[in-house]
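> Sharing data_2.cif below, mmCIF, C-alpha atoms and all ligand atoms; chains and numbers go by the auth columns:
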data_entry
#
loop_
_atom_site.group_PDB
_atom_site.id
_atom_site.type_symbol
_atom_site.label_atom_id
_atom_site.label_comp_id
_atom_site.label_asym_id
_atom_site.label_seq_id
_atom_site.Cartn_x
_atom_site.Cartn_y
_atom_site.Cartn_z
_atom_site.B_iso_or_equiv
_atom_site.auth_seq_id
_atom_site.auth_asym_id
ATOM 1 C CA MET A 1 129.458 142.479 101.402 0.00 1 A
ATOM 2 C CA ARG A 2 131.507 140.851 104.086 0.00 2 A
ATOM 3 C CA ALA A 3 128.404 139.081 105.523 0.00 3 A
ATOM 4 C CA GLY A 4 127.562 137.804 102.055 0.00 4 A
ATOM 5 C CA TRP A 5 131.042 136.487 101.617 0.00 5 A
ATOM 6 C CA TYR A 6 130.829 134.601 104.883 0.00 6 A
ATOM 7 C CA LEU A 7 127.445 133.137 103.932 0.00 7 A
ATOM 8 C CA GLY A 8 128.946 131.976 100.656 0.00 8 A
ATOM 9 C CA GLY A 9 131.807 130.401 102.538 0.00 9 A
ATOM 10 C CA ALA A 10 129.386 128.525 104.767 0.00 10 A
ATOM 11 C CA ALA A 11 127.564 127.173 101.720 0.00 11 A
ATOM 12 C CA VAL A 12 130.817 126.001 100.157 0.00 12 A
ATOM 13 C CA ALA A 13 131.827 124.367 103.431 0.00 13 A
ATOM 14 C CA GLY A 14 128.476 122.591 103.554 0.00 14 A
ATOM 15 C CA ILE A 15 128.850 121.325 100.019 0.00 15 A
ATOM 16 C CA ALA A 16 132.388 120.170 100.776 0.00 16 A
ATOM 17 C CA ALA A 17 131.162 118.256 103.822 0.00 17 A
ATOM 18 C CA TYR A 18 128.486 116.507 101.773 0.00 18 A
ATOM 19 C CA THR A 19 130.915 115.728 98.991 0.00 19 A
ATOM 20 C CA ALA A 20 133.459 114.323 101.400 0.00 20 A
ATOM 21 C CA GLY A 21 130.766 112.141 102.915 0.00 21 A
ATOM 22 C CA ALA A 22 129.786 110.824 99.498 0.00 22 A
ATOM 23 C CA GLN A 23 133.402 110.043 98.687 0.00 23 A
ATOM 24 C CA ALA A 24 133.783 108.173 101.941 0.00 24 A
ATOM 25 C CA ARG A 25 130.731 106.114 101.122 0.00 25 A
ATOM 26 C CA GLY A 26 132.177 105.245 97.744 0.00 26 A
ATOM 27 C CA ARG A 27 135.473 104.123 99.223 0.00 27 A
ATOM 28 C CA MET A 28 134.062 102.304 102.188 0.00 28 A
ATOM 29 C CA TRP A 29 131.528 100.066 100.501 0.00 29 A
ATOM 30 C CA ASP A 30 130.231 97.628 103.004 0.00 30 A
ATOM 31 C CA PRO A 31 127.348 95.179 102.595 0.00 31 A
ATOM 32 C CA ALA A 32 126.215 96.017 106.142 0.00 32 A
ATOM 33 C CA ILE A 33 125.296 99.520 105.001 0.00 33 A
ATOM 34 C CA LEU A 34 122.078 99.982 103.061 0.00 34 A
ATOM 35 C CA ARG A 35 122.272 102.419 100.166 0.00 35 A
ATOM 36 C CA ARG A 36 119.615 101.129 97.790 0.00 36 A
ATOM 37 C CA GLY A 37 117.185 98.301 97.239 0.00 37 A
ATOM 38 C CA PRO A 38 117.139 95.812 94.363 0.00 38 A
ATOM 39 C CA ALA A 39 116.607 96.905 90.777 0.00 39 A
ATOM 40 C CA THR A 40 114.629 93.765 89.964 0.00 40 A
ATOM 41 C CA GLY A 41 110.873 93.270 89.877 0.00 41 A
ATOM 42 C CA ARG A 42 108.383 96.090 89.895 0.00 42 A
ATOM 43 C CA PRO A 43 110.364 99.325 90.319 0.00 43 A
ATOM 44 C CA ARG A 44 110.245 100.677 93.831 0.00 44 A
ATOM 45 C CA ILE A 45 111.588 103.813 95.467 0.00 45 A
ATOM 46 C CA ALA A 46 111.800 104.801 99.132 0.00 46 A
ATOM 47 C CA LEU A 47 111.576 108.387 100.314 0.00 47 A
ATOM 48 C CA THR A 48 113.489 109.252 103.492 0.00 48 A
ATOM 49 C CA PHE A 49 113.425 112.500 105.474 0.00 49 A
ATOM 50 C CA ASP A 50 116.251 113.682 107.723 0.00 50 A
ATOM 51 C CA ASP A 51 116.764 116.327 110.418 0.00 51 A
ATOM 52 C CA GLY A 52 113.236 116.500 111.872 0.00 52 A
ATOM 53 C CA PRO A 53 110.972 116.557 113.633 0.00 53 A
ATOM 54 C CA HIS A 54 110.165 120.206 112.994 0.00 54 A
ATOM 55 C CA PRO A 55 106.802 121.551 114.214 0.00 55 A
ATOM 56 C CA GLN A 56 105.716 123.020 110.882 0.00 56 A
ATOM 57 C CA LEU A 57 107.815 121.279 108.246 0.00 57 A
ATOM 58 C CA THR A 58 107.380 117.723 109.535 0.00 58 A
ATOM 59 C CA ALA A 59 103.672 118.273 110.089 0.00 59 A
ATOM 60 C CA ALA A 60 103.306 119.578 106.530 0.00 60 A
ATOM 61 C CA THR A 61 105.331 116.652 105.181 0.00 61 A
ATOM 62 C CA LEU A 62 103.126 114.175 107.044 0.00 62 A
ATOM 63 C CA ASP A 63 99.986 115.876 105.728 0.00 63 A
ATOM 64 C CA ILE A 64 101.202 115.519 102.138 0.00 64 A
ATOM 65 C CA LEU A 65 102.278 111.885 102.585 0.00 65 A
ATOM 66 C CA ARG A 66 98.949 111.012 104.196 0.00 66 A
ATOM 67 C CA ALA A 67 96.959 112.663 101.398 0.00 67 A
ATOM 68 C CA ALA A 68 99.054 110.753 98.847 0.00 68 A
ATOM 69 C CA ALA A 69 99.002 107.470 100.814 0.00 69 A
ATOM 70 C CA CYS A 70 102.784 107.428 100.547 0.00 70 A
ATOM 71 C CA PRO A 71 104.871 105.623 103.190 0.00 71 A
ATOM 72 C CA ALA A 72 108.335 106.927 104.018 0.00 72 A
ATOM 73 C CA ALA A 73 111.076 106.952 106.635 0.00 73 A
ATOM 74 C CA PHE A 74 111.960 109.729 109.062 0.00 74 A
ATOM 75 C CA PHE A 75 115.480 109.877 110.471 0.00 75 A
ATOM 76 C CA CYS A 76 114.959 112.043 113.533 0.00 76 A
ATOM 77 C CA ILE A 77 117.476 114.023 115.550 0.00 77 A
ATOM 78 C CA GLY A 78 117.164 112.820 119.149 0.00 78 A
ATOM 79 C CA GLU A 79 117.132 116.256 120.736 0.00 79 A
ATOM 80 C CA GLN A 80 114.318 117.384 118.452 0.00 80 A
ATOM 81 C CA ALA A 81 112.390 114.143 118.954 0.00 81 A
ATOM 82 C CA LEU A 82 112.348 114.851 122.689 0.00 82 A
ATOM 83 C CA ARG A 83 111.143 118.394 121.962 0.00 83 A
ATOM 84 C CA HIS A 84 108.349 117.293 119.589 0.00 84 A
ATOM 85 C CA PRO A 85 107.550 113.689 120.559 0.00 85 A
ATOM 86 C CA GLU A 86 103.973 113.935 119.282 0.00 86 A
ATOM 87 C CA LEU A 87 105.237 114.372 115.719 0.00 87 A
ATOM 88 C CA VAL A 88 107.449 111.283 115.943 0.00 88 A
ATOM 89 C CA ARG A 89 104.552 109.243 117.276 0.00 89 A
ATOM 90 C CA ARG A 90 102.251 110.640 114.616 0.00 90 A
ATOM 91 C CA ALA A 91 104.702 109.574 111.885 0.00 91 A
ATOM 92 C CA ARG A 92 104.930 106.088 113.409 0.00 92 A
ATOM 93 C CA ASP A 93 101.142 105.852 113.778 0.00 93 A
ATOM 94 C CA GLU A 94 100.647 106.855 110.148 0.00 94 A
ATOM 95 C CA GLY A 95 102.781 103.934 109.007 0.00 95 A
ATOM 96 C CA HIS A 96 106.186 105.535 108.528 0.00 96 A
ATOM 97 C CA LEU A 97 109.513 104.073 109.580 0.00 97 A
ATOM 98 C CA ILE A 98 111.366 105.982 112.309 0.00 98 A
ATOM 99 C CA GLY A 99 115.158 106.007 112.337 0.00 99 A
ATOM 100 C CA ASN A 100 117.912 107.559 114.432 0.00 100 A
ATOM 101 C CA HIS A 101 119.810 110.561 113.032 0.00 101 A
ATOM 102 C CA SER A 102 121.968 110.947 116.176 0.00 102 A
ATOM 103 C CA MET A 103 121.353 113.072 119.241 0.00 103 A
ATOM 104 C CA LEU A 104 122.696 116.464 118.138 0.00 104 A
ATOM 105 C CA HIS A 105 123.591 116.051 114.440 0.00 105 A
ATOM 106 C CA ARG A 106 127.340 116.343 114.810 0.00 106 A
ATOM 107 C CA HIS A 107 129.771 115.358 112.076 0.00 107 A
ATOM 108 C CA ALA A 108 131.405 111.988 112.784 0.00 108 A
ATOM 109 C CA TRP A 109 134.783 113.133 111.476 0.00 109 A
ATOM 110 C CA LEU A 110 134.935 115.841 114.148 0.00 110 A
ATOM 111 C CA LEU A 111 134.089 113.561 117.061 0.00 111 A
ATOM 112 C CA THR A 112 136.088 111.288 119.307 0.00 112 A
ATOM 113 C CA PRO A 113 134.971 107.638 119.296 0.00 113 A
ATOM 114 C CA GLU A 114 133.371 108.169 122.705 0.00 114 A
ATOM 115 C CA ALA A 115 131.490 111.230 121.471 0.00 115 A
ATOM 116 C CA THR A 116 130.322 109.237 118.438 0.00 116 A
ATOM 117 C CA ARG A 117 129.067 106.520 120.763 0.00 117 A
ATOM 118 C CA ARG A 118 127.183 109.116 122.827 0.00 118 A
ATOM 119 C CA GLU A 119 125.653 110.674 119.708 0.00 119 A
ATOM 120 C CA ILE A 120 124.358 107.381 118.314 0.00 120 A
ATOM 121 C CA ALA A 121 123.361 105.779 121.609 0.00 121 A
ATOM 122 C CA GLY A 122 121.782 109.054 122.756 0.00 122 A
ATOM 123 C CA GLY A 123 119.659 109.376 119.640 0.00 123 A
ATOM 124 C CA ALA A 124 118.577 105.756 119.913 0.00 124 A
ATOM 125 C CA ALA A 125 117.662 106.212 123.579 0.00 125 A
ATOM 126 C CA ALA A 126 115.678 109.380 122.862 0.00 126 A
ATOM 127 C CA LEU A 127 113.612 107.642 120.183 0.00 127 A
ATOM 128 C CA ARG A 128 113.115 104.595 122.377 0.00 128 A
ATOM 129 C CA GLU A 129 111.741 106.891 125.055 0.00 129 A
ATOM 130 C CA VAL A 130 109.417 108.660 122.626 0.00 130 A
ATOM 131 C CA LEU A 131 108.171 105.486 120.907 0.00 131 A
ATOM 132 C CA SER A 132 108.376 103.063 123.844 0.00 132 A
ATOM 133 C CA ALA A 133 110.181 100.748 121.424 0.00 133 A
ATOM 134 C CA PRO A 134 113.663 100.541 119.922 0.00 134 A
ATOM 135 C CA VAL A 135 114.428 101.774 116.411 0.00 135 A
ATOM 136 C CA ALA A 136 116.390 99.476 114.123 0.00 136 A
ATOM 137 C CA TRP A 137 117.984 101.949 111.713 0.00 137 A
ATOM 138 C CA MET A 138 120.302 104.906 111.953 0.00 138 A
ATOM 139 C CA ARG A 139 121.656 107.377 109.416 0.00 139 A
ATOM 140 C CA PRO A 140 124.814 109.279 110.323 0.00 140 A
ATOM 141 C CA PRO A 141 124.577 113.067 109.854 0.00 141 A
ATOM 142 C CA TRP A 142 125.814 114.111 106.376 0.00 142 A
ATOM 143 C CA GLY A 143 126.268 110.406 105.638 0.00 143 A
ATOM 144 C CA ALA A 144 129.716 110.771 107.163 0.00 144 A
ATOM 145 C CA PHE A 145 131.008 107.862 109.171 0.00 145 A
ATOM 146 C CA ASN A 146 134.149 106.147 110.334 0.00 146 A
ATOM 147 C CA ALA A 147 135.110 103.019 112.248 0.00 147 A
ATOM 148 C CA ALA A 148 133.686 104.448 115.464 0.00 148 A
ATOM 149 C CA THR A 149 130.317 104.827 113.750 0.00 149 A
ATOM 150 C CA TYR A 150 130.253 101.116 112.896 0.00 150 A
ATOM 151 C CA VAL A 151 131.094 100.152 116.457 0.00 151 A
ATOM 152 C CA ALA A 152 128.585 102.551 117.990 0.00 152 A
ATOM 153 C CA ALA A 153 125.813 101.465 115.614 0.00 153 A
ATOM 154 C CA ARG A 154 126.509 97.826 116.385 0.00 154 A
ATOM 155 C CA GLN A 155 126.497 98.490 120.130 0.00 155 A
ATOM 156 C CA ALA A 156 123.160 100.296 119.760 0.00 156 A
ATOM 157 C CA GLN A 157 121.861 97.366 117.663 0.00 157 A
ATOM 158 C CA GLN A 158 121.225 99.622 114.704 0.00 158 A
ATOM 159 C CA ARG A 159 121.828 99.163 111.003 0.00 159 A
ATOM 160 C CA ILE A 160 123.227 102.029 108.964 0.00 160 A
ATOM 161 C CA ALA A 161 121.158 103.368 106.071 0.00 161 A
ATOM 162 C CA LEU A 162 122.472 105.908 103.574 0.00 162 A
ATOM 163 C CA TRP A 163 120.918 106.824 100.222 0.00 163 A
ATOM 164 C CA SER A 164 121.431 106.593 96.480 0.00 164 A
ATOM 165 C CA VAL A 165 119.636 109.787 95.426 0.00 165 A
ATOM 166 C CA ALA A 166 120.416 113.103 97.103 0.00 166 A
ATOM 167 C CA ALA A 167 118.129 116.076 96.653 0.00 167 A
ATOM 168 C CA PRO A 168 119.444 119.654 96.757 0.00 168 A
ATOM 169 C CA ASP A 169 117.036 120.531 99.585 0.00 169 A
ATOM 170 C CA TRP A 170 119.551 121.155 102.343 0.00 170 A
ATOM 171 C CA ALA A 171 121.597 124.012 100.928 0.00 171 A
ATOM 172 C CA PRO A 172 120.817 127.720 101.159 0.00 172 A
ATOM 173 C CA GLY A 173 119.011 128.868 98.034 0.00 173 A
ATOM 174 C CA ALA A 174 117.323 125.541 97.321 0.00 174 A
ATOM 175 C CA ARG A 175 114.314 125.833 95.022 0.00 175 A
ATOM 176 C CA ALA A 176 111.336 123.495 94.726 0.00 176 A
ATOM 177 C CA GLU A 177 111.697 123.214 90.952 0.00 177 A
ATOM 178 C CA ALA A 178 115.346 122.195 91.242 0.00 178 A
ATOM 179 C CA ILE A 179 114.605 119.672 94.001 0.00 179 A
ATOM 180 C CA LEU A 180 111.834 118.097 91.922 0.00 180 A
ATOM 181 C CA ALA A 181 113.922 118.024 88.752 0.00 181 A
ATOM 182 C CA ALA A 182 116.961 116.535 90.490 0.00 182 A
ATOM 183 C CA VAL A 183 115.050 113.696 92.128 0.00 183 A
ATOM 184 C CA LEU A 184 113.128 112.807 88.983 0.00 184 A
ATOM 185 C CA ALA A 185 116.333 112.873 86.918 0.00 185 A
ATOM 186 C CA ARG A 186 118.292 110.725 89.386 0.00 186 A
ATOM 187 C CA ALA A 187 115.495 108.271 90.246 0.00 187 A
ATOM 188 C CA HIS A 188 116.274 104.612 89.608 0.00 188 A
ATOM 189 C CA PRO A 189 114.709 101.285 90.614 0.00 189 A
ATOM 190 C CA GLY A 190 115.504 100.547 94.248 0.00 190 A
ATOM 191 C CA ALA A 191 116.516 104.130 95.000 0.00 191 A
ATOM 192 C CA ILE A 192 116.615 105.523 98.499 0.00 192 A
ATOM 193 C CA VAL A 193 115.943 109.254 98.208 0.00 193 A
ATOM 194 C CA ASP A 194 117.364 111.585 100.850 0.00 194 A
ATOM 195 C CA LEU A 195 115.163 114.599 101.659 0.00 195 A
ATOM 196 C CA HIS A 196 115.135 116.990 104.630 0.00 196 A
ATOM 197 C CA ASP A 197 112.088 117.944 106.694 0.00 197 A
ATOM 198 C CA GLY A 198 114.147 119.491 109.473 0.00 198 A
ATOM 199 C CA GLY A 199 114.776 123.093 110.243 0.00 199 A
ATOM 200 C CA ARG A 200 118.552 123.297 109.862 0.00 200 A
ATOM 201 C CA ASP A 201 117.751 125.382 106.787 0.00 201 A
ATOM 202 C CA GLU A 202 114.053 126.123 107.127 0.00 202 A
ATOM 203 C CA ALA A 203 113.742 127.871 103.780 0.00 203 A
ATOM 204 C CA ALA A 204 115.351 124.952 101.953 0.00 204 A
ATOM 205 C CA SER A 205 113.148 122.404 103.707 0.00 205 A
ATOM 206 C CA ALA A 206 110.087 124.531 102.943 0.00 206 A
ATOM 207 C CA GLU A 207 111.040 124.283 99.263 0.00 207 A
ATOM 208 C CA MET A 208 111.191 120.491 99.661 0.00 208 A
ATOM 209 C CA VAL A 209 107.678 120.542 101.136 0.00 209 A
ATOM 210 C CA ALA A 210 106.501 122.641 98.197 0.00 210 A
ATOM 211 C CA ALA A 211 108.007 120.119 95.772 0.00 211 A
ATOM 212 C CA LEU A 212 106.780 117.000 97.566 0.00 212 A
ATOM 213 C CA PRO A 213 103.289 116.546 96.047 0.00 213 A
ATOM 214 C CA ALA A 214 104.680 116.796 92.510 0.00 214 A
ATOM 215 C CA LEU A 215 107.623 114.624 93.475 0.00 215 A
ATOM 216 C CA VAL A 216 105.382 111.787 94.672 0.00 216 A
ATOM 217 C CA ALA A 217 103.093 112.140 91.665 0.00 217 A
ATOM 218 C CA GLY A 218 106.035 112.367 89.258 0.00 218 A
ATOM 219 C CA LEU A 219 107.700 109.215 90.545 0.00 219 A
ATOM 220 C CA ARG A 220 104.422 107.309 90.361 0.00 220 A
ATOM 221 C CA ALA A 221 103.801 108.601 86.849 0.00 221 A
ATOM 222 C CA ARG A 222 107.176 107.092 85.914 0.00 222 A
ATOM 223 C CA GLY A 223 106.004 103.699 87.145 0.00 223 A
ATOM 224 C CA TYR A 224 107.533 103.585 90.599 0.00 224 A
ATOM 225 C CA ASP A 225 105.848 102.168 93.662 0.00 225 A
ATOM 226 C CA LEU A 226 106.710 104.281 96.702 0.00 226 A
ATOM 227 C CA VAL A 227 107.482 102.014 99.638 0.00 227 A
ATOM 228 C CA ARG A 228 109.139 102.215 103.030 0.00 228 A
ATOM 229 C CA MET A 229 112.900 101.880 102.967 0.00 229 A
ATOM 230 C CA ASP A 230 112.741 98.647 104.961 0.00 230 A
ATOM 231 C CA HIS A 231 110.284 97.232 102.421 0.00 231 A
ATOM 232 C CA LEU A 232 112.509 97.667 99.366 0.00 232 A
ATOM 233 C CA GLY A 233 113.605 94.053 99.513 0.00 233 A
ATOM 234 C CA SER A 234 117.048 92.538 99.246 0.00 234 A
ATOM 235 C CA GLY A 235 119.333 94.922 97.438 0.00 235 A
ATOM 236 C CA GLU A 236 122.813 96.290 97.836 0.00 236 A
ATOM 237 C CA GLY A 237 123.612 96.069 101.485 0.00 237 A
ATOM 238 C CA ALA A 238 120.089 94.949 102.196 0.00 238 A
ATOM 239 C CA ALA A 239 120.727 91.360 103.287 0.00 239 A
ATOM 240 C CA GLY A 240 118.294 90.374 105.969 0.00 240 A
ATOM 241 C CA LEU A 241 115.645 92.954 105.097 0.00 241 A
HETATM 242 ZN ZN ZN B . 121.057 115.397 108.684 0.00 301 B
#
As structure tokens, please, write out the structure in this file.
Ligand SMILES: [Zn+2]

Amino acid sequence: MRAGWYLGGAAVAGIAAYTAGAQARGRMWDPAILRRGPATGRPRIALTFDDGPHPQLTAATLDILRAAACPAAFFCIGEQALRHPELVRRARDEGHLIGNHSMLHRHAWLLTPEATRREIAGGAAALREVLSAPVAWMRPPWGAFNAATYVAARQAQQRIALWSVAAPDWAPGARAEAILAAVLARAHPGAIVDLHDGGRDEAASAEMVAALPALVAGLRARGYDLVRMDHLGSGEGAAGL
């Protein structure tokens, strides 16, 4: 009973962290931060995957994307990229965009500016080592950022990318049907969809993997082209894409 109560508390805390991050994004609108592409022209959507690479979940995600000829973006945690570099290189080689999701996935609001700098620069350095090339984009963990994040991203020569459609694939108890339904219901032209192929909640990410084939097919059936995030075109915060 007590263990269950604590688990419930952790879930609520996780939801609160995500909500707070979303509120911060709403307040701190900035054209330098990419949240979505344009709504004009042929409707396009970009899938993005956070928290990998994970030996099984990322591999399964890549298999599905390859079978569906669907490009995407992977925001990798630096520490995990160093642990599974072959998966990062495989994603790059199969045409996906690789982005930085910080070194250890710590929440920006709990870090000193120097620790934020280390997190962002460390993740960028890890991916540069794995790919033998710099990455241009970063996504702060939980989408939470502050002034130190801006400075650190600029110093690391990285642009910040968030999302406009969140999927419930990161919380304990996530179900494939709910993930699929939420993304299809929230989809809009120019959307950047935030999914999770990492193992911070393996069961939840496994549900995302289970939903992914139907998710890709469902978006296409609704008339969307699935493109890489950096190929969405000039939309909100997308100047210079
Ligand atoms: Zn994350």
> With only C-alpha atoms as the atoms that count, which of A:Leu162, A:Ala124, A:Ala133, A:Ala115 lies nearest to A:Asp50?
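Closest to A:Asp50, using only C-alpha atoms: A:Leu162.
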> Mind pulling up the distance from atom CA of A:Ala178 to atom CA of A:Pro53?
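A separation of 23.5 Å between them.
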> Report, in Å with one decimal, the straight-line distance from atom CA of A:Gly173 to atom CA of A:His188.
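Atom CA of A:His188 lies 25.8 Å from atom CA of A:Gly173.
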> What would the selection look like, as a PyMOL selection string, if the PyMOL selection byres (((chain A and resi 190-207) around 7) and not hetatm) were run on the coordinates I just shared?
chain A and resi 35-39+43-54+57-58+163-167+169-176+187-189+208-211+229+232
> Could you list, as an mmCIF file with C-alpha atoms, keeping the file's coordinate frame, all the residues within 8 Å of ligand ZN 301 (chain B), counting only C-alpha atoms and all ligand atoms?

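pocket-v5.cif, written as the output of this step:
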data_model
loop_
_atom_site.group_PDB
_atom_site.id
_atom_site.type_symbol
_atom_site.label_atom_id
_atom_site.label_comp_id
_atom_site.auth_asym_id
_atom_site.auth_seq_id
_atom_site.Cartn_x
_atom_site.Cartn_y
_atom_site.Cartn_z
ATOM 1 C CA ASP A 50 116.251 113.682 107.723
ATOM 2 C CA ASP A 51 116.764 116.327 110.418
ATOM 3 C CA ILE A 77 117.476 114.023 115.550
ATOM 4 C CA HIS A 101 119.810 110.561 113.032
ATOM 5 C CA HIS A 105 123.591 116.051 114.440
ATOM 6 C CA PRO A 140 124.814 109.279 110.323
ATOM 7 C CA PRO A 141 124.577 113.067 109.854
ATOM 8 C CA TRP A 142 125.814 114.111 106.376
ATOM 9 C CA GLY A 143 126.268 110.406 105.638
ATOM 10 C CA HIS A 196 115.135 116.990 104.630
#
> Missing atoms in stretch 217-230 of chain A: fill them in up to N, CA and C atoms and send the result as a short mmCIF file (atom, residue, chain, number, x, y, z; two decimals), in the coordinates of the input.

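File produced: part07.cif:
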data_model
loop_
_atom_site.label_atom_id
_atom_site.label_comp_id
_atom_site.auth_asym_id
_atom_site.auth_seq_id
_atom_site.Cartn_x
_atom_site.Cartn_y
_atom_site.Cartn_z
N ALA A 217 103.88 112.40 92.88
CA ALA A 217 103.09 112.14 91.66
C ALA A 217 104.00 111.84 90.48
N GLY A 218 105.12 112.55 90.38
CA GLY A 218 106.04 112.37 89.26
C GLY A 218 106.70 111.00 89.27
N LEU A 219 107.09 110.55 90.44
CA LEU A 219 107.70 109.22 90.54
C LEU A 219 106.68 108.14 90.19
N ARG A 220 105.47 108.30 90.68
CA ARG A 220 104.42 107.31 90.36
C ARG A 220 104.10 107.32 88.87
N ALA A 221 104.08 108.50 88.29
CA ALA A 221 103.80 108.60 86.85
C ALA A 221 104.88 107.90 86.03
N ARG A 222 106.07 107.79 86.59
CA ARG A 222 107.18 107.09 85.91
C ARG A 222 107.18 105.60 86.22
N GLY A 223 106.16 105.14 86.94
CA GLY A 223 106.00 103.70 87.14
C GLY A 223 106.55 103.16 88.45
N TYR A 224 106.97 104.05 89.34
CA TYR A 224 107.53 103.58 90.60
C TYR A 224 106.46 103.40 91.66
N ASP A 225 106.59 102.31 92.42
CA ASP A 225 105.85 102.17 93.66
C ASP A 225 106.67 102.84 94.76
N LEU A 226 106.02 103.64 95.58
CA LEU A 226 106.71 104.28 96.70
C LEU A 226 106.48 103.44 97.95
N VAL A 227 107.57 102.93 98.50
CA VAL A 227 107.48 102.01 99.64
C VAL A 227 108.40 102.50 100.76
N ARG A 228 108.23 101.91 101.94
CA ARG A 228 109.14 102.22 103.03
C ARG A 228 110.52 101.63 102.74
N MET A 229 111.52 102.32 103.20
CA MET A 229 112.90 101.88 102.97
C MET A 229 113.13 100.43 103.38
N ASP A 230 112.54 100.02 104.48
CA ASP A 230 112.74 98.65 104.96
C ASP A 230 111.87 97.65 104.22
#
